[in-house]
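Here is the structure we will look at, set down as structure tokens.
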Amino acid sequence: MVTGRIITIKYEAGDFYVGQGCKEGTRSYYNRNGYYVNPIGFGNATVCKASKIILKVEVEGVVYDVWIDRFFKEKLGRLTEKRRGAIMHTVPETIALEEKFTRNDNVYFIAAEDDMNLWLNRAKRYL
């Protein structure tokens, strides 16, 4: 466990639309912009990108991005404007982080469950 100092929190809105020009027999895939493309037939495809809440966290002088949206989506539901406001107004100054490694031995961090539950309780009281 490592303690990280939270620098900023940012919300990236999701997107959804129906696109045209999808060829027959194409499988679902992620395009290079991060959108998930799912063919629905007759040359059409649904194109969607999930919304994200990203923390910029400083650990030992290095800044990392920590995605926390999945936790709040599972516990609170949809990230409505009111819920996002509660999350943004109750941001702690520091958070415990678990260090993880990718297959290429790059370092990334995930937020500790205990600190996220405390943050969730503060956000629920704010609502």
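Just remember, in the structure tokens the first chain shown is A, the second B, etc., residues are 1-based per chain, and ligands are 1-based in the order shown.
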
Quiz item: Mind checking DSSP for region 14-113 of chain A and telling me the helix (DSSP H, G or I) residues as a ChimeraX atom specification?
Solution: /A:69-76,81-89,113

Quiz item: Which polymer residues have any atom within 12 Å of an atom of Ala86 (chain A), counting only C-alpha atoms, with same-chain residues fewer than 2 positions away left out, as a count of residues only?
Solution: 21

Quiz prompt | Proximity to Ile40 (chain A) - best of A:Gly85, A:Gly19, A:Pro92, A:Gly61, only C-alpha atoms | solution = A:Gly19

Quiz item: If you count only C-alpha atoms, which residues fall within 9 Å of Ile6 (chain A), apart from same-chain ones fewer than 2 positions away, as a PyMOL selection string?
Solution: chain A and resi 4+8-9+55-58+91-95

Suppose we keep N, CA and C atoms; can you now write the selection as a PDB file, in the first residue's frame?
ATOM      1  N   GLY A   4      -1.146   8.217  -1.882  1.00  0.00           N
ATOM      2  CA  GLY A   4      -0.996   9.186  -2.959  1.00  0.00           C
ATOM      3  C   GLY A   4      -1.737  10.471  -2.640  1.00  0.00           C
ATOM      4  N   THR A   8      -5.904  16.459  -8.881  1.00  0.00           N
ATOM      5  CA  THR A   8      -7.165  16.891  -9.480  1.00  0.00           C
ATOM      6  C   THR A   8      -8.065  15.688  -9.713  1.00  0.00           C
ATOM      7  N   ILE A   9      -9.316  15.989  -9.966  1.00  0.00           N
ATOM      8  CA  ILE A   9     -10.284  14.971 -10.366  1.00  0.00           C
ATOM      9  C   ILE A   9     -10.958  15.490 -11.627  1.00  0.00           C
ATOM     10  N   LEU A  55      -8.724  10.328 -11.419  1.00  0.00           N
ATOM     11  CA  LEU A  55      -7.951  11.062 -10.427  1.00  0.00           C
ATOM     12  C   LEU A  55      -6.525  11.223 -10.936  1.00  0.00           C
ATOM     13  N   LYS A  56      -5.966  12.422 -10.796  1.00  0.00           N
ATOM     14  CA  LYS A  56      -4.537  12.636 -10.997  1.00  0.00           C
ATOM     15  C   LYS A  56      -3.926  12.560  -9.603  1.00  0.00           C
ATOM     16  N   VAL A  57      -3.069  11.555  -9.385  1.00  0.00           N
ATOM     17  CA  VAL A  57      -2.506  11.290  -8.064  1.00  0.00           C
ATOM     18  C   VAL A  57      -0.989  11.359  -8.138  1.00  0.00           C
ATOM     19  N   GLU A  58      -0.389  12.025  -7.158  1.00  0.00           N
ATOM     20  CA  GLU A  58       1.067  12.097  -7.086  1.00  0.00           C
ATOM     21  C   GLU A  58       1.577  11.072  -6.079  1.00  0.00           C
ATOM     22  N   VAL A  91     -13.995  15.013  -2.374  1.00  0.00           N
ATOM     23  CA  VAL A  91     -12.696  14.405  -2.699  1.00  0.00           C
ATOM     24  C   VAL A  91     -11.760  14.511  -1.494  1.00  0.00           C
ATOM     25  N   PRO A  92     -11.158  13.397  -1.074  1.00  0.00           N
ATOM     26  CA  PRO A  92     -10.184  13.470   0.023  1.00  0.00           C
ATOM     27  C   PRO A  92      -8.859  14.064  -0.470  1.00  0.00           C
ATOM     28  N   GLU A  93      -8.006  14.467   0.456  1.00  0.00           N
ATOM     29  CA  GLU A  93      -6.701  15.027   0.077  1.00  0.00           C
ATOM     30  C   GLU A  93      -5.721  13.926  -0.311  1.00  0.00           C
ATOM     31  N   THR A  94      -5.790  12.792   0.389  1.00  0.00           N
ATOM     32  CA  THR A  94      -4.915  11.655   0.081  1.00  0.00           C
ATOM     33  C   THR A  94      -5.753  10.391  -0.016  1.00  0.00           C
ATOM     34  N   ILE A  95      -5.186   9.385  -0.678  1.00  0.00           N
ATOM     35  CA  ILE A  95      -5.897   8.118  -0.833  1.00  0.00           C
ATOM     36  C   ILE A  95      -4.870   6.985  -0.842  1.00  0.00           C
TER      37      ILE A  95
END

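Here CA of Glu98 (chain A) and CA of Gly77 (chain A) stand 24.4 Å from one another.
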
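The shortest atom-to-atom distance to Gly14 (chain A), with only C-alpha atoms taken into account, belongs to A:Asp69 out of A:Asp69, A:Ser28, A:Val2, A:Asn44.
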
Practice problem: One decimal, Å: what's the distance from CA of Lys73 (chain A) over to CA of Arg32 (chain A), could you say? | Solution: 24.5 Å

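Distances to Glu99 (chain A) were evaluated for A:Ile87, A:Val59, A:Val47, A:Leu118 using only C-alpha atoms, and the minimum falls at A:Val59.
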
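With CA of Val66 (chain A) on one side and CA of Tyr108 (chain A) on the other, the separation reads 7.8 Å.
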
Self-check item: chain A: residues DSSP assigns to strand (DSSP E), reported as a VMD selection string
Solution: chain A and resid 2 to 12 15 to 20 29 to 30 36 to 41 44 to 49 52 to 59 62 to 67 94 to 101 107 to 111

Using C-alpha atoms, can you write the selected residues to a file as a tab-separated table (two decimals), in the first residue's frame?
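Everything below was put into again_18.tsv:
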chain	number	residue	atom	x	y	z
A	2	VAL	CA	1.15	3.46	-0.96
A	3	THR	CA	-0.41	6.80	-0.07
A	4	GLY	CA	-1.00	9.19	-2.96
A	5	ARG	CA	-1.80	12.89	-2.85
A	6	ILE	CA	-4.76	13.79	-5.04
A	7	ILE	CA	-3.96	16.66	-7.41
A	8	THR	CA	-7.16	16.89	-9.48
A	9	ILE	CA	-10.28	14.97	-10.37
A	10	LYS	CA	-11.72	15.00	-13.88
A	11	TYR	CA	-14.94	13.74	-15.45
A	12	GLU	CA	-14.97	12.63	-19.08
A	15	ASP	CA	-20.88	9.16	-25.94
A	16	PHE	CA	-23.34	7.03	-27.94
A	17	TYR	CA	-24.57	7.14	-31.51
A	18	VAL	CA	-25.54	4.90	-34.43
A	19	GLY	CA	-23.00	5.03	-37.25
A	20	GLN	CA	-23.19	3.90	-40.86
A	29	TYR	CA	-14.22	-4.04	-31.81
A	30	TYR	CA	-12.65	-1.02	-30.12
A	36	TYR	CA	-16.72	0.31	-28.84
A	37	VAL	CA	-18.27	-0.44	-32.25
A	38	ASN	CA	-21.01	-3.09	-32.35
A	39	PRO	CA	-22.55	-3.93	-35.76
A	40	ILE	CA	-26.36	-4.18	-35.68
A	41	GLY	CA	-27.01	-4.99	-39.34
A	44	ASN	CA	-25.31	0.29	-39.18
A	45	ALA	CA	-23.40	-0.05	-35.91
A	46	THR	CA	-23.79	1.31	-32.39
A	47	VAL	CA	-20.77	3.31	-31.32
A	48	CYS	CA	-20.32	4.01	-27.62
A	49	LYS	CA	-17.75	5.19	-25.12
A	52	LYS	CA	-14.96	8.11	-16.75
A	53	ILE	CA	-13.89	9.75	-13.51
A	54	ILE	CA	-10.12	10.05	-13.38
A	55	LEU	CA	-7.95	11.06	-10.43
A	56	LYS	CA	-4.54	12.64	-11.00
A	57	VAL	CA	-2.51	11.29	-8.06
A	58	GLU	CA	1.07	12.10	-7.09
A	59	VAL	CA	3.11	9.18	-5.70
A	62	VAL	CA	5.40	11.00	-10.15
A	63	VAL	CA	1.85	11.73	-11.36
A	64	TYR	CA	-0.43	8.79	-12.24
A	65	ASP	CA	-4.00	8.50	-13.52
A	66	VAL	CA	-6.34	6.37	-11.38
A	67	TRP	CA	-9.75	5.46	-12.80
A	94	THR	CA	-4.92	11.66	0.08
A	95	ILE	CA	-5.90	8.12	-0.83
A	96	ALA	CA	-4.38	4.69	-0.25
A	97	LEU	CA	-3.30	2.98	-3.47
A	98	GLU	CA	-2.40	-0.57	-4.45
A	99	GLU	CA	0.53	-0.93	-6.83
A	100	LYS	CA	-0.04	-3.18	-9.86
A	101	PHE	CA	2.06	-4.11	-12.89
A	107	VAL	CA	3.32	0.48	-12.97
A	108	TYR	CA	-0.27	1.55	-12.39
A	109	PHE	CA	-2.31	2.09	-9.25
A	110	ILE	CA	-5.82	1.23	-8.11
A	111	ALA	CA	-7.57	2.91	-5.19
